[in-house]
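So this one's data_25.cif, mmCIF, N, CA, C and O atoms:
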```cif
data_work
loop_
_atom_site.group_PDB
_atom_site.id
_atom_site.type_symbol
_atom_site.label_atom_id
_atom_site.label_comp_id
_atom_site.auth_asym_id
_atom_site.auth_seq_id
_atom_site.Cartn_x
_atom_site.Cartn_y
_atom_site.Cartn_z
ATOM 1 N N SER A 497 -102.685 18.043 -41.247
ATOM 2 C CA SER A 497 -102.008 17.551 -42.442
ATOM 3 C C SER A 497 -100.579 18.080 -42.469
ATOM 4 O O SER A 497 -100.251 19.067 -41.822
ATOM 5 N N GLY A 498 -99.746 17.435 -43.249
ATOM 6 C CA GLY A 498 -98.363 17.862 -43.385
ATOM 7 C C GLY A 498 -98.253 19.274 -43.919
ATOM 8 O O GLY A 498 -97.438 20.068 -43.476
ATOM 9 N N ARG A 499 -99.096 19.614 -44.886
ATOM 10 C CA ARG A 499 -99.050 20.955 -45.483
ATOM 11 C C ARG A 499 -99.391 22.021 -44.445
ATOM 12 O O ARG A 499 -98.753 23.062 -44.382
ATOM 13 N N ALA A 500 -100.382 21.767 -43.605
ATOM 14 C CA ALA A 500 -100.761 22.729 -42.563
ATOM 15 C C ALA A 500 -99.623 22.927 -41.573
ATOM 16 O O ALA A 500 -99.369 24.048 -41.129
ATOM 17 N N VAL A 501 -98.929 21.843 -41.242
ATOM 18 C CA VAL A 501 -97.782 21.942 -40.333
ATOM 19 C C VAL A 501 -96.711 22.825 -40.958
ATOM 20 O O VAL A 501 -96.174 23.724 -40.315
ATOM 21 N N LEU A 502 -96.385 22.566 -42.221
ATOM 22 C CA LEU A 502 -95.354 23.338 -42.901
ATOM 23 C C LEU A 502 -95.725 24.816 -43.005
ATOM 24 O O LEU A 502 -94.889 25.687 -42.796
ATOM 25 N N GLU A 503 -96.989 25.086 -43.318
ATOM 26 C CA GLU A 503 -97.427 26.476 -43.423
ATOM 27 C C GLU A 503 -97.322 27.176 -42.074
ATOM 28 O O GLU A 503 -96.874 28.322 -41.992
ATOM 29 N N ALA A 504 -97.714 26.497 -40.995
ATOM 30 C CA ALA A 504 -97.646 27.100 -39.661
ATOM 31 C C ALA A 504 -96.202 27.344 -39.239
ATOM 32 O O ALA A 504 -95.878 28.390 -38.677
ATOM 33 N N ILE A 505 -95.339 26.379 -39.506
ATOM 34 C CA ILE A 505 -93.931 26.544 -39.141
ATOM 35 C C ILE A 505 -93.327 27.693 -39.945
ATOM 36 O O ILE A 505 -92.636 28.551 -39.401
ATOM 37 N N GLY A 506 -93.592 27.711 -41.243
ATOM 38 C CA GLY A 506 -93.047 28.760 -42.094
ATOM 39 C C GLY A 506 -93.574 30.134 -41.745
ATOM 40 O O GLY A 506 -92.838 31.118 -41.741
ATOM 41 N N ARG A 507 -94.841 30.209 -41.386
ATOM 42 C CA ARG A 507 -95.480 31.492 -41.089
ATOM 43 C C ARG A 507 -95.142 31.976 -39.687
ATOM 44 O O ARG A 507 -94.750 33.116 -39.497
ATOM 45 N N ASP A 508 -95.276 31.097 -38.717
ATOM 46 C CA ASP A 508 -95.166 31.502 -37.318
ATOM 47 C C ASP A 508 -93.897 31.014 -36.633
ATOM 48 O O ASP A 508 -93.616 31.426 -35.518
ATOM 49 N N GLY A 509 -93.199 30.088 -37.251
ATOM 50 C CA GLY A 509 -92.105 29.437 -36.549
ATOM 51 C C GLY A 509 -92.654 28.642 -35.368
ATOM 52 O O GLY A 509 -92.019 28.539 -34.325
ATOM 53 N N ASP A 510 -93.841 28.079 -35.505
ATOM 54 C CA ASP A 510 -94.556 27.378 -34.442
ATOM 55 C C ASP A 510 -93.692 26.270 -33.840
ATOM 56 O O ASP A 510 -93.509 25.209 -34.425
ATOM 57 N N ALA A 511 -93.166 26.511 -32.659
ATOM 58 C CA ALA A 511 -92.219 25.589 -32.019
ATOM 59 C C ALA A 511 -92.852 24.245 -31.689
ATOM 60 O O ALA A 511 -92.202 23.204 -31.836
ATOM 61 N N ASP A 512 -94.107 24.227 -31.260
ATOM 62 C CA ASP A 512 -94.760 22.955 -30.927
ATOM 63 C C ASP A 512 -94.928 22.076 -32.169
ATOM 64 O O ASP A 512 -94.671 20.884 -32.128
ATOM 65 N N ARG A 513 -95.363 22.688 -33.256
ATOM 66 C CA ARG A 513 -95.539 21.918 -34.499
ATOM 67 C C ARG A 513 -94.189 21.445 -35.027
ATOM 68 O O ARG A 513 -94.070 20.338 -35.527
ATOM 69 N N LEU A 514 -93.191 22.283 -34.920
ATOM 70 C CA LEU A 514 -91.854 21.893 -35.357
ATOM 71 C C LEU A 514 -91.351 20.721 -34.522
ATOM 72 O O LEU A 514 -90.840 19.739 -35.064
ATOM 73 N N ALA A 515 -91.518 20.794 -33.223
ATOM 74 C CA ALA A 515 -91.076 19.717 -32.335
ATOM 75 C C ALA A 515 -91.792 18.413 -32.660
ATOM 76 O O ALA A 515 -91.169 17.342 -32.681
ATOM 77 N N ARG A 516 -93.094 18.480 -32.947
ATOM 78 C CA ARG A 516 -93.847 17.280 -33.306
ATOM 79 C C ARG A 516 -93.353 16.694 -34.627
ATOM 80 O O ARG A 516 -93.175 15.488 -34.756
ATOM 81 N N ALA A 517 -93.136 17.547 -35.608
ATOM 82 C CA ALA A 517 -92.655 17.075 -36.910
ATOM 83 C C ALA A 517 -91.287 16.415 -36.757
ATOM 84 O O ALA A 517 -91.021 15.361 -37.336
ATOM 85 N N MET A 518 -90.434 17.020 -35.945
ATOM 86 C CA MET A 518 -89.108 16.454 -35.716
ATOM 87 C C MET A 518 -89.221 15.118 -34.984
ATOM 88 O O MET A 518 -88.564 14.143 -35.356
ATOM 89 N N SER A 519 -90.046 15.065 -33.963
ATOM 90 C CA SER A 519 -90.219 13.838 -33.195
ATOM 91 C C SER A 519 -90.777 12.714 -34.064
ATOM 92 O O SER A 519 -90.328 11.574 -33.985
ATOM 93 N N ASP A 520 -91.729 13.054 -34.924
ATOM 94 C CA ASP A 520 -92.361 12.060 -35.790
ATOM 95 C C ASP A 520 -91.375 11.448 -36.785
ATOM 96 O O ASP A 520 -91.553 10.313 -37.213
ATOM 97 N N HIS A 521 -90.338 12.191 -37.149
ATOM 98 C CA HIS A 521 -89.445 11.753 -38.225
ATOM 99 C C HIS A 521 -87.993 11.551 -37.802
ATOM 100 O O HIS A 521 -87.173 11.138 -38.636
ATOM 101 N N ALA A 522 -87.669 11.801 -36.552
ATOM 102 C CA ALA A 522 -86.268 11.739 -36.112
ATOM 103 C C ALA A 522 -85.650 10.358 -36.305
ATOM 104 O O ALA A 522 -84.510 10.247 -36.780
ATOM 105 N N ASP A 523 -86.372 9.306 -35.965
ATOM 106 C CA ASP A 523 -85.817 7.955 -36.110
ATOM 107 C C ASP A 523 -85.530 7.623 -37.570
ATOM 108 O O ASP A 523 -84.493 7.036 -37.889
ATOM 109 N N MET A 524 -86.435 7.994 -38.454
ATOM 110 C CA MET A 524 -86.241 7.733 -39.875
ATOM 111 C C MET A 524 -85.048 8.499 -40.411
ATOM 112 O O MET A 524 -84.230 7.960 -41.164
ATOM 113 N N VAL A 525 -84.912 9.773 -40.025
ATOM 114 C CA VAL A 525 -83.796 10.585 -40.511
ATOM 115 C C VAL A 525 -82.472 10.004 -40.009
ATOM 116 O O VAL A 525 -81.522 9.834 -40.785
ATOM 117 N N PHE A 526 -82.406 9.652 -38.729
ATOM 118 C CA PHE A 526 -81.178 9.071 -38.176
ATOM 119 C C PHE A 526 -80.850 7.749 -38.875
ATOM 120 O O PHE A 526 -79.695 7.510 -39.255
ATOM 121 N N ALA A 527 -81.851 6.888 -39.062
ATOM 122 C CA ALA A 527 -81.617 5.593 -39.715
ATOM 123 C C ALA A 527 -81.126 5.780 -41.145
ATOM 124 O O ALA A 527 -80.231 5.050 -41.604
ATOM 125 N N THR A 528 -81.678 6.746 -41.843
ATOM 126 C CA THR A 528 -81.240 7.037 -43.209
ATOM 127 C C THR A 528 -79.778 7.457 -43.213
ATOM 128 O O THR A 528 -78.974 6.952 -44.004
ATOM 129 N N CYS A 529 -79.423 8.358 -42.314
ATOM 130 C CA CYS A 529 -78.043 8.839 -42.233
ATOM 131 C C CYS A 529 -77.093 7.709 -41.842
ATOM 132 O O CYS A 529 -76.000 7.578 -42.409
ATOM 133 N N ARG A 530 -77.501 6.900 -40.916
ATOM 134 C CA ARG A 530 -76.651 5.791 -40.457
ATOM 135 C C ARG A 530 -76.442 4.766 -41.564
ATOM 136 O O ARG A 530 -75.357 4.227 -41.725
ATOM 137 N N ARG A 531 -77.491 4.505 -42.329
ATOM 138 C CA ARG A 531 -77.376 3.558 -43.436
ATOM 139 C C ARG A 531 -76.343 4.042 -44.458
ATOM 140 O O ARG A 531 -75.544 3.268 -44.967
ATOM 141 N N VAL A 532 -76.356 5.338 -44.747
ATOM 142 C CA VAL A 532 -75.430 5.893 -45.728
ATOM 143 C C VAL A 532 -74.018 5.987 -45.151
ATOM 144 O O VAL A 532 -73.040 5.642 -45.819
ATOM 145 N N LEU A 533 -73.900 6.423 -43.896
ATOM 146 C CA LEU A 533 -72.598 6.716 -43.308
ATOM 147 C C LEU A 533 -71.966 5.547 -42.567
ATOM 148 O O LEU A 533 -70.738 5.479 -42.446
ATOM 149 N N GLY A 534 -72.786 4.658 -42.007
ATOM 150 C CA GLY A 534 -72.269 3.533 -41.250
ATOM 151 C C GLY A 534 -71.617 3.918 -39.939
ATOM 152 O O GLY A 534 -70.811 3.165 -39.394
ATOM 153 N N ASN A 535 -71.980 5.086 -39.409
ATOM 154 C CA ASN A 535 -71.339 5.595 -38.205
ATOM 155 C C ASN A 535 -72.364 6.387 -37.394
ATOM 156 O O ASN A 535 -72.942 7.349 -37.908
ATOM 157 N N ASP A 536 -72.565 6.012 -36.140
ATOM 158 C CA ASP A 536 -73.583 6.677 -35.308
ATOM 159 C C ASP A 536 -73.280 8.152 -35.061
ATOM 160 O O ASP A 536 -74.184 8.990 -35.107
ATOM 161 N N ALA A 537 -72.033 8.487 -34.775
ATOM 162 C CA ALA A 537 -71.682 9.882 -34.460
ATOM 163 C C ALA A 537 -71.912 10.784 -35.672
ATOM 164 O O ALA A 537 -72.496 11.871 -35.546
ATOM 165 N N GLU A 538 -71.466 10.342 -36.831
ATOM 166 C CA GLU A 538 -71.674 11.135 -38.045
ATOM 167 C C GLU A 538 -73.158 11.200 -38.397
ATOM 168 O O GLU A 538 -73.649 12.246 -38.826
ATOM 169 N N ALA A 539 -73.869 10.100 -38.181
ATOM 170 C CA ALA A 539 -75.307 10.087 -38.458
ATOM 171 C C ALA A 539 -76.036 11.077 -37.561
ATOM 172 O O ALA A 539 -76.946 11.779 -38.017
ATOM 173 N N ALA A 540 -75.657 11.160 -36.296
ATOM 174 C CA ALA A 540 -76.287 12.112 -35.378
ATOM 175 C C ALA A 540 -76.020 13.545 -35.824
ATOM 176 O O ALA A 540 -76.923 14.397 -35.786
ATOM 177 N N GLU A 541 -74.796 13.817 -36.264
ATOM 178 C CA GLU A 541 -74.444 15.163 -36.731
ATOM 179 C C GLU A 541 -75.255 15.544 -37.966
ATOM 180 O O GLU A 541 -75.817 16.641 -38.051
ATOM 181 N N VAL A 542 -75.344 14.618 -38.926
ATOM 182 C CA VAL A 542 -76.079 14.907 -40.159
ATOM 183 C C VAL A 542 -77.578 14.995 -39.886
ATOM 184 O O VAL A 542 -78.284 15.794 -40.504
ATOM 185 N N THR A 543 -78.078 14.213 -38.943
ATOM 186 C CA THR A 543 -79.488 14.311 -38.553
ATOM 187 C C THR A 543 -79.790 15.720 -38.047
ATOM 188 O O THR A 543 -80.776 16.343 -38.454
ATOM 189 N N GLN A 544 -78.921 16.226 -37.183
ATOM 190 C CA GLN A 544 -79.109 17.584 -36.665
ATOM 191 C C GLN A 544 -79.059 18.619 -37.794
ATOM 192 O O GLN A 544 -79.904 19.515 -37.863
ATOM 193 N N GLU A 545 -78.110 18.478 -38.693
ATOM 194 C CA GLU A 545 -78.003 19.402 -39.823
ATOM 195 C C GLU A 545 -79.254 19.341 -40.706
ATOM 196 O O GLU A 545 -79.711 20.368 -41.212
ATOM 197 N N THR A 546 -79.791 18.141 -40.876
ATOM 198 C CA THR A 546 -80.993 17.972 -41.689
ATOM 199 C C THR A 546 -82.164 18.730 -41.073
ATOM 200 O O THR A 546 -82.926 19.400 -41.785
ATOM 201 N N PHE A 547 -82.307 18.664 -39.758
ATOM 202 C CA PHE A 547 -83.416 19.378 -39.118
ATOM 203 C C PHE A 547 -83.197 20.885 -39.110
ATOM 204 O O PHE A 547 -84.164 21.650 -39.194
ATOM 205 N N PHE A 548 -81.946 21.343 -39.067
ATOM 206 C CA PHE A 548 -81.689 22.787 -39.227
ATOM 207 C C PHE A 548 -82.110 23.230 -40.625
ATOM 208 O O PHE A 548 -82.725 24.284 -40.800
ATOM 209 N N GLN A 549 -81.794 22.415 -41.620
ATOM 210 C CA GLN A 549 -82.191 22.711 -42.996
ATOM 211 C C GLN A 549 -83.719 22.713 -43.107
ATOM 212 O O GLN A 549 -84.295 23.574 -43.771
ATOM 213 N N PHE A 550 -84.369 21.759 -42.451
ATOM 214 C CA PHE A 550 -85.833 21.699 -42.434
ATOM 215 C C PHE A 550 -86.414 22.989 -41.859
ATOM 216 O O PHE A 550 -87.339 23.575 -42.420
ATOM 217 N N LEU A 551 -85.858 23.434 -40.747
ATOM 218 C CA LEU A 551 -86.344 24.656 -40.117
ATOM 219 C C LEU A 551 -86.193 25.862 -41.048
ATOM 220 O O LEU A 551 -87.111 26.666 -41.185
ATOM 221 N N ARG A 552 -85.068 25.961 -41.710
ATOM 222 C CA ARG A 552 -84.827 27.089 -42.620
ATOM 223 C C ARG A 552 -85.755 27.065 -43.832
ATOM 224 O O ARG A 552 -86.073 28.108 -44.389
ATOM 225 N N ASN A 553 -86.166 25.872 -44.255
ATOM 226 C CA ASN A 553 -86.928 25.732 -45.501
ATOM 227 C C ASN A 553 -88.385 25.359 -45.309
ATOM 228 O O ASN A 553 -89.091 25.156 -46.310
ATOM 229 N N ALA A 554 -88.868 25.251 -44.088
ATOM 230 C CA ALA A 554 -90.209 24.719 -43.822
ATOM 231 C C ALA A 554 -91.304 25.410 -44.634
ATOM 232 O O ALA A 554 -92.214 24.752 -45.123
ATOM 233 N N GLY A 555 -91.220 26.702 -44.790
ATOM 234 C CA GLY A 555 -92.262 27.430 -45.505
ATOM 235 C C GLY A 555 -92.278 27.181 -46.999
ATOM 236 O O GLY A 555 -93.254 27.494 -47.679
ATOM 237 N N ARG A 556 -91.214 26.602 -47.528
ATOM 238 C CA ARG A 556 -91.108 26.389 -48.976
ATOM 239 C C ARG A 556 -91.218 24.921 -49.384
ATOM 240 O O ARG A 556 -91.183 24.604 -50.567
ATOM 241 N N ILE A 557 -91.337 24.015 -48.431
ATOM 242 C CA ILE A 557 -91.365 22.588 -48.736
ATOM 243 C C ILE A 557 -92.722 22.216 -49.327
ATOM 244 O O ILE A 557 -93.764 22.571 -48.788
ATOM 245 N N GLN A 558 -92.672 21.488 -50.429
ATOM 246 C CA GLN A 558 -93.885 20.996 -51.082
ATOM 247 C C GLN A 558 -94.002 19.505 -50.808
ATOM 248 O O GLN A 558 -93.009 18.801 -50.774
ATOM 249 N N GLY A 559 -95.200 19.006 -50.645
ATOM 250 C CA GLY A 559 -95.410 17.571 -50.501
ATOM 251 C C GLY A 559 -95.168 17.063 -49.095
ATOM 252 O O GLY A 559 -95.296 17.776 -48.111
ATOM 253 N N SER A 560 -94.777 15.802 -49.018
ATOM 254 C CA SER A 560 -94.632 15.084 -47.762
ATOM 255 C C SER A 560 -93.414 15.541 -46.958
ATOM 256 O O SER A 560 -92.308 15.637 -47.503
ATOM 257 N N ILE A 561 -93.623 15.795 -45.680
ATOM 258 C CA ILE A 561 -92.516 16.152 -44.789
ATOM 259 C C ILE A 561 -91.522 14.997 -44.717
ATOM 260 O O ILE A 561 -90.311 15.197 -44.832
ATOM 261 N N GLY A 562 -92.023 13.785 -44.550
ATOM 262 C CA GLY A 562 -91.155 12.616 -44.450
ATOM 263 C C GLY A 562 -90.306 12.421 -45.689
ATOM 264 O O GLY A 562 -89.108 12.134 -45.599
ATOM 265 N N ALA A 563 -90.913 12.555 -46.850
ATOM 266 C CA ALA A 563 -90.167 12.392 -48.100
ATOM 267 C C ALA A 563 -89.099 13.475 -48.237
ATOM 268 O O ALA A 563 -87.965 13.198 -48.637
ATOM 269 N N TRP A 564 -89.442 14.713 -47.903
ATOM 270 C CA TRP A 564 -88.469 15.803 -47.986
ATOM 271 C C TRP A 564 -87.309 15.539 -47.036
ATOM 272 O O TRP A 564 -86.140 15.689 -47.419
ATOM 273 N N LEU A 565 -87.622 15.141 -45.802
ATOM 274 C CA LEU A 565 -86.562 14.870 -44.824
ATOM 275 C C LEU A 565 -85.678 13.710 -45.270
ATOM 276 O O LEU A 565 -84.457 13.761 -45.093
ATOM 277 N N HIS A 566 -86.267 12.680 -45.838
ATOM 278 C CA HIS A 566 -85.486 11.535 -46.320
ATOM 279 C C HIS A 566 -84.518 11.976 -47.415
ATOM 280 O O HIS A 566 -83.326 11.625 -47.381
ATOM 281 N N ARG A 567 -85.010 12.743 -48.381
ATOM 282 C CA ARG A 567 -84.142 13.231 -49.464
ATOM 283 C C ARG A 567 -83.044 14.127 -48.915
ATOM 284 O O ARG A 567 -81.881 14.013 -49.306
ATOM 285 N N ALA A 568 -83.409 15.038 -48.004
ATOM 286 C CA ALA A 568 -82.416 15.958 -47.439
ATOM 287 C C ALA A 568 -81.357 15.197 -46.639
ATOM 288 O O ALA A 568 -80.160 15.482 -46.761
ATOM 289 N N ALA A 569 -81.784 14.242 -45.838
ATOM 290 C CA ALA A 569 -80.844 13.457 -45.027
ATOM 291 C C ALA A 569 -79.909 12.650 -45.905
ATOM 292 O O ALA A 569 -78.686 12.612 -45.666
ATOM 293 N N THR A 570 -80.447 12.033 -46.934
ATOM 294 C CA THR A 570 -79.609 11.251 -47.847
ATOM 295 C C THR A 570 -78.583 12.153 -48.529
ATOM 296 O O THR A 570 -77.391 11.825 -48.582
ATOM 297 N N GLY A 571 -79.036 13.292 -49.023
ATOM 298 C CA GLY A 571 -78.127 14.229 -49.692
ATOM 299 C C GLY A 571 -77.029 14.746 -48.785
ATOM 300 O O GLY A 571 -75.851 14.802 -49.166
ATOM 301 N N ARG A 572 -77.386 15.106 -47.545
ATOM 302 C CA ARG A 572 -76.400 15.626 -46.608
ATOM 303 C C ARG A 572 -75.407 14.536 -46.210
ATOM 304 O O ARG A 572 -74.213 14.795 -46.064
ATOM 305 N N ALA A 573 -75.886 13.319 -46.033
ATOM 306 C CA ALA A 573 -74.994 12.211 -45.687
ATOM 307 C C ALA A 573 -74.018 11.924 -46.832
ATOM 308 O O ALA A 573 -72.815 11.734 -46.598
ATOM 309 N N ILE A 574 -74.518 11.919 -48.047
ATOM 310 C CA ILE A 574 -73.647 11.697 -49.203
ATOM 311 C C ILE A 574 -72.629 12.827 -49.315
ATOM 312 O O ILE A 574 -71.448 12.579 -49.610
ATOM 313 N N ASP A 575 -73.060 14.051 -49.070
ATOM 314 C CA ASP A 575 -72.131 15.183 -49.107
ATOM 315 C C ASP A 575 -71.000 15.008 -48.098
ATOM 316 O O ASP A 575 -69.858 15.384 -48.374
ATOM 317 N N LEU A 576 -71.305 14.449 -46.936
ATOM 318 C CA LEU A 576 -70.280 14.248 -45.903
ATOM 319 C C LEU A 576 -69.232 13.237 -46.370
ATOM 320 O O LEU A 576 -68.055 13.381 -46.093
ATOM 321 N N ILE A 577 -69.699 12.235 -47.099
ATOM 322 C CA ILE A 577 -68.765 11.213 -47.610
ATOM 323 C C ILE A 577 -67.842 11.858 -48.604
ATOM 324 O O ILE A 577 -66.673 11.697 -48.634
#
```

Output the file's structure as structure tokens, nothing else.
Amino acid sequence: SGRAVLEAIGRDGDADRLARAMSDHADMVFATCRRVLGNDAEAAEVTQETFFQFLRNAGRIQGSIGAWLHRAATGRAIDLI
């Protein structure tokens, strides 16, 4: 489950689970950033920043990983504008 992934990442920094979570959501995060920014290079940069933020906050995230990443990506993209 998403909650188990978040708990493992937050507790252990489990690299395999983190990589899977990132892989599962990378296309959505990039597409979200690109939709807001209209630029592939900026979208790639914000996508990377979003996953750094995810890594820093994994142990505290409540609910859906995808929903959290979507909100974070949208917010970071808007901040760049």

Hey, which of A:Phe547, A:Ser560, A:Asn553, A:Asp512 ends up closest to Arg572 of chain A? Count only C-alpha atoms. A:Phe547

Which one of A:Thr543, A:Ala563, A:Leu576, A:Leu551 sits closest to Ala522 of chain A if you count only C-alpha atoms? A:Thr543

List the residues matched by the PyMOL selection byres (((chain A and resi 549 and name CA) around 12) and name CA) in the displayed structure as a ChimeraX atom specification, ordered by chain and then by residue number. /A:518,542-548,550-557,564-565,567-569,571-572

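Here atom N of Ile574 of chain A is placed at a distance of 6.8 Å from atom O of Val532 of chain A.
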
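With all atoms listed in the file as the atoms that count, the minimum distance from Thr528 of chain A to the choices A:Glu541, A:Arg516, A:His566, A:Asp575 is reached by A:His566.
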
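Coordinates place atom CA of Ile561 of chain A at a distance of 9.5 Å from atom C of His521 of chain A.
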
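Note that atom CA of Gly559 of chain A and atom C of Asn535 of chain A are 28.8 Å apart.
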
Listed atoms of segment 522-536 of chain A boxed along x, y and z, 6 Å each side, centre and edge lengths in Å, one decimal, as lines of an AutoDock Vina configuration file:
```
center_x = -79.2
center_y = 7.5
center_z = -40.4
size_x = 28.9
size_y = 20.6
size_z = 22.8
```

DSSP-assigned alpha helix (DSSP H) members of chain A, reported as an MDAnalysis selection string: chainID A and resid 498:508 511:533 536:553 561:576
